[in-house]
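Working notes for the structure below.
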Amino acid sequence: MSKLLVSPSPHIHSKDSTKSLMLDVVIALIPAVLCSVIFYGWQELLVLGVSVASCVLLEWAITKYMLKAPSTIGDLSAVITGILLALNVPYTTPWWVIVIGSVVAIGVAKMTFGGLGQNIWNPALVGRVFLLVSFPTYMTTWKQPQGLFGVDAISGPTPLGTIQEGLMQGSTVQELTAAYDYKSLLLANLGGSSGEVCALALLLGFVYLCVRKVIKPWITLSIFATVAVTALIFWGINPDRFTDPLFNLLTGGLILGACFMATDYVTSPMSLWGGVVFGVGIGFLTMMIRYFGSYPEGVSFAILIMNSVVPLLNRWFKQKKFGRK
Amino acid sequence: MSKHTFSLGGVHPHDNKISRECAIQPLPIAPTVYLSVAQHIGAPSVPVVKVGDKVKVGQVVAEPGGFVGAFIHSSVSGTVKSVAPRADLAGRMSTHIEIAVEGDEWLEGIDTSDTLITTIPDDPKAIIDKVRLGGVVGLGGATFPTHVKLSPPPGSKCERVIINGCECEPYLTSDFRTLLEKGEQVVVGAALLQKAMGGVPCTIAIEENKPEAIAHIREVIAKLGYADMDVMVMKMMYPQGGEKQLIDAVMHRQVGSGALPISVGAVVQNVATALAVYDAVQKNKPIVDNSVTVTGECFPRQANLLVRVGTPLQYIIDYLGGVPADAAKVISGGPMMGRAVANLQAATVKGTGALLFLTEKQTRRAPETNCIRCGKCADACPMGLEPFLLNKLSKAQDWEACEANAAHDCIECGCCLYSCPAHIPLLDNIRVGKGFVLSAIRARAAAAKAAAEAAKK
């Protein structure tokens with residue numbers, strides 16, 4: 001020792017870093033990724049590979065050539081955006097559509113605002129919604145998968161899409177939901193975004209994140225509760241017209257959105273009550289879009305709308321300060 | 001065992017009490033000691049000795065410079081060599097009294113025996129006066145003169161004395177060892193404080209990671225039989241020993257912004273202070289020494305030493321084998337709130353509780369990256385503040401907004417910076433804002449006072 005280091009306290013750190021938190025999110029996504037690959041096969045691997053690679057490459061290129069700043073890809077947030085974008089599209093999406101999605105997600109929704117931490121909307125969701133609006137055919141027709149072990153492929157709309165179409169043709173909800181068995185929706189929900197194939201795998205990742213204290217469960221739980229309560233009221237009033245709570249919880253990417261998209265640090269409120277209001281807003285808007293909107297699914301829009309009011313929620317809902325009224 | 005804790009925030013650093021088995025050993029007296037006249041909060045003391053004077057251990061060498069001030073006693077016997085400016089551990093200059101040691105002769109009237117005196121004097125005033133004459137200051141870190149704390153302003157009333165034995169800072173074990181080895185004296189000191197405050201109840205708060213101390217103090221209380229005194233087991237959580245946090249945990253009362261503990265009826269004294277009160281009142285022994293933990297994973301000889309006040313840090317370190325090669329930082333105090341030492345020639349003061357050695361790997365700060373709005377700083381803040389916001393406001397030099405968001409309530413515990421995954425120097429920036437807000441508040445108070453006086457005329 002020749003010189004003493006002198007700096008203000010504290011002199012130690014928890015060792016948490018942005019990278020370690022992001023790595024935990026990646027780990028939490030592994031069960032869902034594995035399930036999607038098992039059910040959808042090599043095509044899903046391709047979607048994941050293209051999505052992650054283009055997100056990471058794009059962020060690297062933007063920092064290097066446009067911002068001329070140190071690269072930020074080491075924080076792994078671009079990897080998460082890549083995985084989430086891939087899990088939010090059908091496995092049949094062509095590679096070039098995914099590349100366009102990643103340009104919107106990373107280029108427009110994230111880096112334009114100043115990179116990680118500065119964006120207003122969840123990048124993967126912005127990418128997904130852009131694709132949904134621009135390429136509805138690719139995004140809403142779903143083929144029954146062949147899986148790793150090859151099964152015949154049948155093309156068809158998502159459960160919520162089927163019901164909206166059926167209602168317009170005059171069928172009742174009971175007739176339409178009879179085709180779905182809730183246990184299979186929970187364990188192997190074929191036909192939808194590739195990430196929602198197994199609700200249980202997503203919930204497993206959510207529990208991991210809560211146990212590791214990466215996120216707090218309040219946002220997710222208040223979304224689930226609001227969706228259930230709203231659906232219960234409408235379904236109770238008219239079961240012919242409105243789908244039941246459990247069906248709504250298990251379909252339309254709700255679990256994926258509530259567990260992994262709505263809980264994104266950057267685009268969600270920081271305080272407990274802010275988070276609860278945020279979650280209630282997402283749940284309610286989701287149900288309104290599902291029941292009364294022109295899109296059969298509403299989770300992405302609901303999250304993006306609530307993302308926009310996060311600064312206000314952060315201002316309105318503050319923790320009580322010690323010793324102050 | 002039910003565990004108590006404060007209501008907001010807090011973090012869980014590893015407690016690293018690696019020196020917990022080290023009994024307190026007296027450090028041989030250094031050849032020269034340097035007594036700072038500014039080793040407490042308040043006005044610096046005024047030296048009353050001159051060069052060439054012979055002094056004995058326990059003799060007054062400096063008198064209080066005001067009501068909020070403290071006596072300073074010689075910690076050694078010998079000859080005053082100089083009364084001159086000298087650098088403290090941060091390198092700042094202040095007046096020190098340099099004494100060359102000759103023998104170890106104590107002032108008459110000081111009881112240096114081990115006999116335990118358990119009889120409590122009847123007169124609270126006499127207790128407080130002896131505390132003042134003993135130069136007792138808060139040894140938990142703030143070094144606030146104890147007799148001032150024991151003299152509540154008119155209109156306020158103490159309802160409970162809390163003895164702070166949390167020692168929530170990682171690494172530190174001197175309070176733990178004091179509880180184990182001098183538990184009787186600490187308990188008598190607590191009883192003296194109870195008496196001084198008018199016979200109020202007393203709670204000795206000890207964190208759950210010190211079960212031996214909890215058991216021992218319970219035994220001692222049962223043996224000595226003082227009324228209205230109990231041990232409360234606290235959850236292991238930093239900053240459990242913060243004054244406002246501890247009052248919240250023990251009494252479920254929150255001290256308001258800028259207010260003193262007495263405003264909610266609490267008086268908090270640290271374990272080492274309770275021992276000093278015992279020494280001052282029962283044994284006539286002023287503060288001339290204190291226990292110092294010397295520790296760190298890279299430090300080969302863990303120790304708890306009884307050190308005479310004014311001993312140069314270098315002398316303590318050399319006694320234990322010198323600064324290890326891989327130590328990058330020496331800290332006076334704990335790793336969360338301690339101060340980095342810039343000058344090893346600096347002398348200890350009454351409030352020096354620990355010397356901690358950290359390697360570069362343990363203490364290096366990672367480069368700052370973007371805030372990811374995770375809110376971990378706000379979750380960790382025991383004052384319920386929003387460090388991410390105060391950080392931005394401080395950097396924008398918006399002092400009014402800093403005040404509106406309570407920057408001056410910050411207790412500088414370091415929880416925010418400790419938990420920030422983006423390694424943003426939150427507390428560094430908030431300190432700046434806090435400083436500006438506090439001086440603005442002081443300036444307003446002074447202006448209001450001046451206006452009131454002008455109106456009177």
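By order in the structure tokens, chains are A, B, ...; within a chain, residues start at 1; ligands start at 1, following the order shown.
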Counting only C-alpha atoms, which residues of chain A fall within 7 Å of chain B, and what is the closest atom pair for each with its distance in Å at one decimal, ordered by chain and rising number, as CSV?
residue,atom,partner,partner_atom,distance
A:Met1,CA,B:Ala325,CA,5.0
A:Leu4,CA,B:Lys329,CA,5.4
A:Leu5,CA,B:Lys329,CA,5.0
A:Val6,CA,B:Ala340,CA,5.2
A:Ser7,CA,B:Ala340,CA,6.2
A:Pro8,CA,B:Arg339,CA,6.9
A:Ser9,CA,B:Met337,CA,5.4
A:Pro10,CA,B:Met336,CA,4.2
A:His11,CA,B:Pro335,CA,5.0
A:Ile12,CA,B:Thr363,CA,5.3
A:His13,CA,B:Tyr418,CA,4.5
A:Ser14,CA,B:Ser419,CA,5.5
A:Asp16,CA,B:Pro421,CA,5.0
A:Ser17,CA,B:Pro421,CA,3.8
A:Thr18,CA,B:Pro421,CA,5.0
A:Leu116,CA,B:Ile372,CA,6.5
A:Gly117,CA,B:Ile372,CA,4.1
A:Tyr265,CA,B:Cys374,CA,4.9
A:Val266,CA,B:Arg373,CA,5.2
A:Met270,CA,B:Gly375,CA,5.2
A:Gln319,CA,B:Gly384,CA,6.1
A:Lys320,CA,B:Gly384,CA,6.1
A:Lys321,CA,B:Gly384,CA,4.3
A:Phe322,CA,B:Met383,CA,4.7
A:Gly323,CA,B:Gly256,CA,4.2
A:Arg324,CA,B:Gly256,CA,6.0
Do a neighbour search on stretch 37-52 of chain A at 7 Å with only C-alpha atoms, toss out local chain neighbours closer than 2 positions, and write the hits as a PDB file with C-alpha atoms, in the first residue's frame.
ATOM      1  CA  VAL A  33     -38.419 -19.982 -23.949  1.00  0.00           C
ATOM      2  CA  LEU A  34     -37.875 -23.721 -23.489  1.00  0.00           C
ATOM      3  CA  CYS A  35     -41.606 -24.437 -23.660  1.00  0.00           C
ATOM      4  CA  SER A  54     -30.966  -8.045 -34.351  1.00  0.00           C
ATOM      5  CA  CYS A  55     -31.836  -6.235 -31.112  1.00  0.00           C
ATOM      6  CA  VAL A  56     -28.317  -6.596 -29.707  1.00  0.00           C
ATOM      7  CA  VAL A  79     -31.197  -9.411 -24.962  1.00  0.00           C
ATOM      8  CA  GLY A  82     -35.075  -9.523 -28.133  1.00  0.00           C
ATOM      9  CA  ILE A  83     -36.468 -12.469 -26.197  1.00  0.00           C
ATOM     10  CA  LEU A  85     -40.250  -9.510 -28.882  1.00  0.00           C
ATOM     11  CA  ALA A  86     -39.806 -13.088 -30.074  1.00  0.00           C
ATOM     12  CA  TYR A  91     -43.602 -18.660 -34.429  1.00  0.00           C
ATOM     13  CA  THR A  92     -44.481 -18.393 -38.097  1.00  0.00           C
ATOM     14  CA  TRP A  95     -37.485 -13.201 -40.201  1.00  0.00           C
ATOM     15  CA  ILE A  98     -38.948  -9.577 -36.840  1.00  0.00           C
ATOM     16  CA  VAL A  99     -36.013  -7.449 -37.934  1.00  0.00           C
ATOM     17  CA  SER A 102     -36.517  -4.957 -33.519  1.00  0.00           C
ATOM     18  CA  PRO A 145     -47.536 -26.015 -34.520  1.00  0.00           C
ATOM     19  CA  GLN A 146     -45.624 -29.045 -35.682  1.00  0.00           C
ATOM     20  CA  GLY A 147     -43.537 -29.115 -32.535  1.00  0.00           C
ATOM     21  CA  LEU A 148     -40.161 -30.706 -32.245  1.00  0.00           C
TER      22      LEU A 148
END
Could you work out how far atom CA of B:Glu403 lies from atom CA of A:Lys325, giving the answer in Å with one decimal?
->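 Distance between the two atoms: 15.5 Å.
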Minimum-distance residue to B:Val288, chosen among B:Val349, B:Leu390, B:Ile316, B:Leu193 (using only C-alpha atoms)
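Looking only at the distances to B:Val288, the closest residue turns out to be B:Val349.
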Open item on the list: Env of stretch 98-112 of chain B: 12 Å cut, atoms = only C-alpha atoms, seq-sep filter 3 positions within chain, self excluded. Answer as number ranges by chain.
Closed with: B: 28-37, 47, 49-61, 73-86, 95, 115-117, 134, 278-288, 308-312, 347
Skipping near chain neighbours, those fewer than 4 positions away, what residues fall within 8 Å of A:Thr267 using only C-alpha atoms, listed as a PDB file with C-alpha atoms, in the first residue's frame?
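This is the output file selection-v4.pdb:
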ATOM      1  CA  ASN A 119     -37.662   5.252 -22.666  1.00  0.00           C
ATOM      2  CA  ILE A 120     -41.326   5.963 -21.934  1.00  0.00           C
ATOM      3  CA  TRP A 121     -42.787   2.781 -23.434  1.00  0.00           C
ATOM      4  CA  ASN A 122     -41.698  -0.801 -23.143  1.00  0.00           C
ATOM      5  CA  ALA A 262     -45.844  -4.494 -17.145  1.00  0.00           C
ATOM      6  CA  THR A 263     -43.146  -5.083 -14.531  1.00  0.00           C
ATOM      7  CA  ASN A 307     -46.799   3.364 -19.540  1.00  0.00           C
ATOM      8  CA  VAL A 310     -46.214   6.488 -15.245  1.00  0.00           C
TER       9      VAL A 310
END
Members of stretch 291-346 of chain B assigned alpha helix (DSSP H) by DSSP, as a PyMOL selection string: chain B and resi 313-319
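Distance annotation: of B:Leu320, B:Leu150, B:Ala196, B:Val264, the residue with the minimal separation from B:Asp123 is B:Ala196; atom set is only C-alpha atoms.
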Expressed in Å, the length from atom CA of A:Ala225 to atom CA of A:Ile282 is 10.8 Å
TODO: Tell me which protein, DNA and RNA residues are within 9 Å of A:Val25, counting only C-alpha atoms, leaving out same-chain ones fewer than 6 positions away, and put them as a list in words.
DONE: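 Using only C-alpha atoms, the neighbours found are Ile80, Gly205, Tyr208, Leu209, Val214 and Phe260 of chain A.
Each of A:Ser308, A:Val26, A:Leu67, A:Arg128 was checked against A:Thr112 using only C-alpha atoms; the smallest atom-to-atom distance is that of A:Leu67.
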List the neighbours of B:Ile317 out to 12 Å using only C-alpha atoms; skip same-chain residues closer than 3 positions along the sequence, and give me the result as a CSV table (one decimal) with C-alpha atoms, in the first residue's frame.
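For reference, selection.csv as written:
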chain,number,residue,atom,x,y,z
B,27,LEU,CA,-3.2,-1.0,24.0
B,30,ALA,CA,1.9,5.6,22.9
B,292,VAL,CA,-11.7,0.5,19.2
B,293,THR,CA,-12.3,-2.4,16.8
B,294,VAL,CA,-9.4,-3.0,14.4
B,295,THR,CA,-10.6,-5.3,11.6
B,299,PHE,CA,-6.1,-7.4,8.2
B,300,PRO,CA,-4.3,-10.4,9.8
B,301,ARG,CA,-4.8,-9.4,13.4
B,302,GLN,CA,-8.4,-8.7,14.4
B,303,ALA,CA,-8.6,-6.9,17.7
B,305,LEU,CA,-8.3,-2.5,21.9
B,307,VAL,CA,-7.1,2.9,23.4
B,311,THR,CA,-3.3,7.9,20.3
B,312,PRO,CA,-2.0,8.3,16.7
B,313,LEU,CA,-3.7,5.8,14.3
B,314,GLN,CA,-0.3,4.8,13.0
B,320,LEU,CA,-0.9,-4.9,15.2
B,321,GLY,CA,1.6,-5.4,12.4
B,322,GLY,CA,1.2,-2.5,10.1
B,323,VAL,CA,-1.1,-1.7,7.2
B,324,PRO,CA,-1.6,-4.9,5.1
B,330,VAL,CA,-8.6,2.7,5.9
B,344,LEU,CA,-2.6,8.0,9.4
B,345,GLN,CA,-0.7,10.4,11.7
B,346,ALA,CA,-4.1,11.7,12.9
B,347,ALA,CA,-4.9,10.9,16.6
B,348,THR,CA,-8.0,9.1,17.9
B,354,ALA,CA,-13.2,1.3,14.7
B,355,LEU,CA,-10.4,1.1,12.2
B,356,LEU,CA,-11.4,-0.9,9.2
B,357,PHE,CA,-9.2,-2.0,6.3
